[in-house]
Amino acid sequence: MGEPMKTPSPAKAEPANLKFPDDFETFEDFYPFYLHEHRNQICKFLHFFGTSLLIATFIGIVLTGRWYQIWLIPVFGYGFAWLGHFGFEKNKPASFKWPLFSLRADFVMFYDLLTGNLSFETNAELKR
């Protein structure tokens, strides 16, 4: 018998008709692209965890006045996200080309994951 057929990795599977522009004029146009770049379950979890840690760290800094720890915020925010992209999603973070849209999209995706509008499952569709 031959080898079983190998299916493509979910992080690499792309519909043939999926096209995105080289640039985005609005956040509403950008967010579907952002979600497309965050299809892998582990990548989404690492983004969620990093954003949770970022928010908790910011609140802790504000409450304690330890402003010298503010440098931890981008380390947590970008560190976990980039680990997800380079280690699991196998793509380049959108923040390299669209930093402001990406920052906003990270918090929107965090909210969507928190409220159940988006599943952590690989290739999950947005429910709203």
# chains A, B, ... in the order shown; residues from 1 in each chain; ligands from 1

call {"tool": "residues_around", "arguments": {"residues": "Leu113 of chain A", "least_positions_apart": "2", "cutoff": "12 Å", "atoms": "only C-alpha atoms", "output": "CSV table (one decimal) with N, CA and C atoms, in the first residue's frame"}}
result
chain,number,residue,atom,x,y,z
A,35,LEU,N,-7.0,38.4,10.6
A,35,LEU,CA,-7.5,37.1,11.0
A,35,LEU,C,-6.9,35.9,10.1
A,38,HIS,N,-3.7,34.8,11.3
A,38,HIS,CA,-3.8,34.2,12.7
A,38,HIS,C,-4.8,33.0,12.7
A,41,GLN,N,-4.1,27.7,15.9
A,41,GLN,CA,-4.6,27.7,17.2
A,41,GLN,C,-3.5,28.2,18.3
A,44,LYS,N,-2.9,32.0,17.9
A,44,LYS,CA,-3.9,32.8,18.6
A,44,LYS,C,-3.8,32.7,20.1
A,45,PHE,N,-3.5,31.6,20.6
A,45,PHE,CA,-3.4,31.5,22.1
A,45,PHE,C,-2.2,32.3,22.6
A,46,LEU,N,-1.1,32.3,21.9
A,46,LEU,CA,0.1,33.1,22.3
A,46,LEU,C,-0.3,34.6,22.2
A,47,HIS,N,-1.0,35.0,21.2
A,47,HIS,CA,-1.4,36.4,21.1
A,47,HIS,C,-2.3,36.7,22.3
A,48,PHE,N,-3.3,35.9,22.6
A,48,PHE,CA,-4.2,36.1,23.7
A,48,PHE,C,-3.5,36.2,25.0
A,49,PHE,N,-2.6,35.2,25.2
A,49,PHE,CA,-1.8,35.2,26.5
A,49,PHE,C,-0.9,36.4,26.6
A,51,THR,N,-1.3,39.4,25.2
A,51,THR,CA,-2.1,40.6,25.4
A,51,THR,C,-2.7,40.6,26.8
A,52,SER,N,-3.1,39.4,27.3
A,52,SER,CA,-3.5,39.4,28.7
A,52,SER,C,-2.4,39.8,29.7
A,105,ALA,N,-5.9,45.7,15.8
A,105,ALA,CA,-6.5,44.4,15.5
A,105,ALA,C,-6.1,43.4,16.6
A,106,ASP,N,-5.0,43.5,17.2
A,106,ASP,CA,-4.6,42.6,18.3
A,106,ASP,C,-5.6,42.7,19.4
A,107,PHE,N,-6.0,43.9,19.8
A,107,PHE,CA,-7.0,44.1,20.8
A,107,PHE,C,-8.4,43.7,20.4
A,108,VAL,N,-8.7,43.9,19.1
A,108,VAL,CA,-10.0,43.5,18.7
A,108,VAL,C,-10.1,41.9,18.7
A,109,MET,N,-9.0,41.3,18.2
A,109,MET,CA,-9.0,39.8,18.2
A,109,MET,C,-9.1,39.3,19.7
A,110,PHE,N,-8.4,40.0,20.6
A,110,PHE,CA,-8.4,39.6,22.0
A,110,PHE,C,-9.8,39.6,22.5
A,111,TYR,N,-10.5,40.7,22.2
A,111,TYR,CA,-11.9,40.9,22.5
A,111,TYR,C,-12.8,39.8,21.9
A,115,THR,N,-14.9,37.0,24.1
A,115,THR,CA,-16.3,37.0,24.1
A,115,THR,C,-16.9,35.8,23.3
A,116,GLY,N,-16.1,35.0,22.7
A,116,GLY,CA,-16.6,33.9,21.9
A,116,GLY,C,-16.9,34.2,20.5
A,117,ASN,N,-16.7,35.4,20.0
A,117,ASN,CA,-17.0,35.7,18.6
A,117,ASN,C,-16.0,35.1,17.7
A,118,LEU,N,-14.8,34.6,18.2
A,118,LEU,CA,-13.8,33.9,17.5
A,118,LEU,C,-13.3,32.8,18.4
A,119,SER,N,-13.2,31.6,17.7
A,119,SER,CA,-12.7,30.4,18.4
A,119,SER,C,-11.2,30.4,18.4
A,120,PHE,N,-10.6,29.7,19.4
A,120,PHE,CA,-9.2,29.4,19.3
A,120,PHE,C,-8.8,28.3,18.3
A,121,GLU,N,-9.8,27.6,17.8
A,121,GLU,CA,-9.6,26.5,16.9
A,121,GLU,C,-8.9,27.0,15.6
A,124,ALA,N,-10.7,29.0,12.4
A,124,ALA,CA,-12.0,29.4,12.9
A,124,ALA,C,-12.5,30.7,12.2
A,125,GLU,N,-13.8,30.8,11.9
A,125,GLU,CA,-14.4,31.9,11.3
A,125,GLU,C,-14.9,32.9,12.4
A,126,LEU,N,-14.9,34.1,12.1
A,126,LEU,CA,-15.5,35.1,13.0
A,126,LEU,C,-17.0,35.0,13.0
A,127,LYS,N,-17.6,35.0,14.2
A,127,LYS,CA,-19.1,34.8,14.3
A,127,LYS,C,-19.9,36.1,14.2
A,128,ARG,N,-19.3,37.2,14.1
A,128,ARG,CA,-20.1,38.4,14.1
A,128,ARG,C,-20.1,39.0,12.7

call {"tool": "residues_around", "arguments": {"residues": "segment 73-85 of chain A", "least_positions_apart": "4", "cutoff": "12 Å", "atoms": "only C-alpha atoms", "output": "short mmCIF file (atom, residue, chain, number, x, y, z; two decimals) with C-alpha atoms, in the first residue's frame"}}
result
data_model
loop_
_atom_site.label_atom_id
_atom_site.label_comp_id
_atom_site.auth_asym_id
_atom_site.auth_seq_id
_atom_site.Cartn_x
_atom_site.Cartn_y
_atom_site.Cartn_z
CA ALA A 11 -1.53 27.42 8.79
CA TYR A 34 -5.28 40.02 10.09
CA GLU A 37 -2.68 35.64 9.29
CA HIS A 38 -3.79 34.23 12.68
CA ARG A 39 -5.40 30.92 11.75
CA ASN A 40 -3.17 28.65 13.83
CA GLN A 41 -4.60 27.71 17.25
CA ILE A 42 -1.29 28.07 19.10
CA CYS A 43 -0.52 31.41 17.46
CA LYS A 44 -3.92 32.77 18.56
CA PHE A 45 -3.40 31.45 22.08
CA LEU A 46 0.05 33.07 22.30
CA HIS A 47 -1.41 36.39 21.11
CA PHE A 48 -4.20 36.10 23.68
CA PHE A 49 -1.79 35.19 26.47
CA GLY A 50 0.64 37.99 25.57
CA THR A 51 -2.15 40.58 25.39
CA SER A 52 -3.55 39.36 28.74
CA LEU A 53 -0.10 39.69 30.29
CA LEU A 54 0.34 43.12 28.71
CA ILE A 55 -2.97 44.36 30.16
CA ALA A 56 -2.24 42.91 33.62
CA THR A 57 1.26 44.43 33.57
CA PHE A 58 -0.07 47.85 32.57
CA ILE A 59 -2.68 47.77 35.34
CA GLY A 60 -0.02 46.69 37.84
CA ILE A 61 2.31 49.49 36.77
CA TRP A 67 6.88 53.11 35.71
CA TYR A 68 10.39 51.75 35.29
CA GLN A 69 8.72 48.44 34.33
CA GLU A 89 1.96 30.24 12.00
CA LYS A 90 5.12 30.35 9.85
CA ASN A 91 4.46 33.85 8.53
CA LYS A 92 5.73 37.37 9.06
CA PRO A 93 3.81 39.45 11.64
CA ALA A 94 1.49 42.04 10.11
CA SER A 95 2.93 44.57 12.57
CA PHE A 96 6.04 44.80 10.39
CA PRO A 99 1.92 48.58 12.90
CA SER A 102 -2.03 45.50 13.76
CA LEU A 103 -2.00 46.98 17.25
CA ASP A 106 -4.63 42.56 18.28
CA PHE A 107 -6.96 44.11 20.84
CA PHE A 110 -8.40 39.58 21.99
#

call {"tool": "atom_distance", "arguments": {"atom1": "atom CA of His36 of chain A", "atom2": "atom CA of Arg104 of chain A"}}
result
15.5 Å

call {"tool": "atom_distance", "arguments": {"atom1": "atom CA of Asp29 of chain A", "atom2": "atom CA of Phe88 of chain A"}}
result
24.8 Å

call {"tool": "select_by_dssp", "arguments": {"residues": "chain A", "states": "helix (DSSP H, G or I)", "output": "number ranges by chain"}}
result
A: 27-36, 41-64, 67-69, 72-89, 94-96, 99-115

call {"tool": "atom_distance", "arguments": {"atom1": "atom CA of Phe30 of chain A", "atom2": "atom CA of Thr122 of chain A"}}
result
19.7 Å
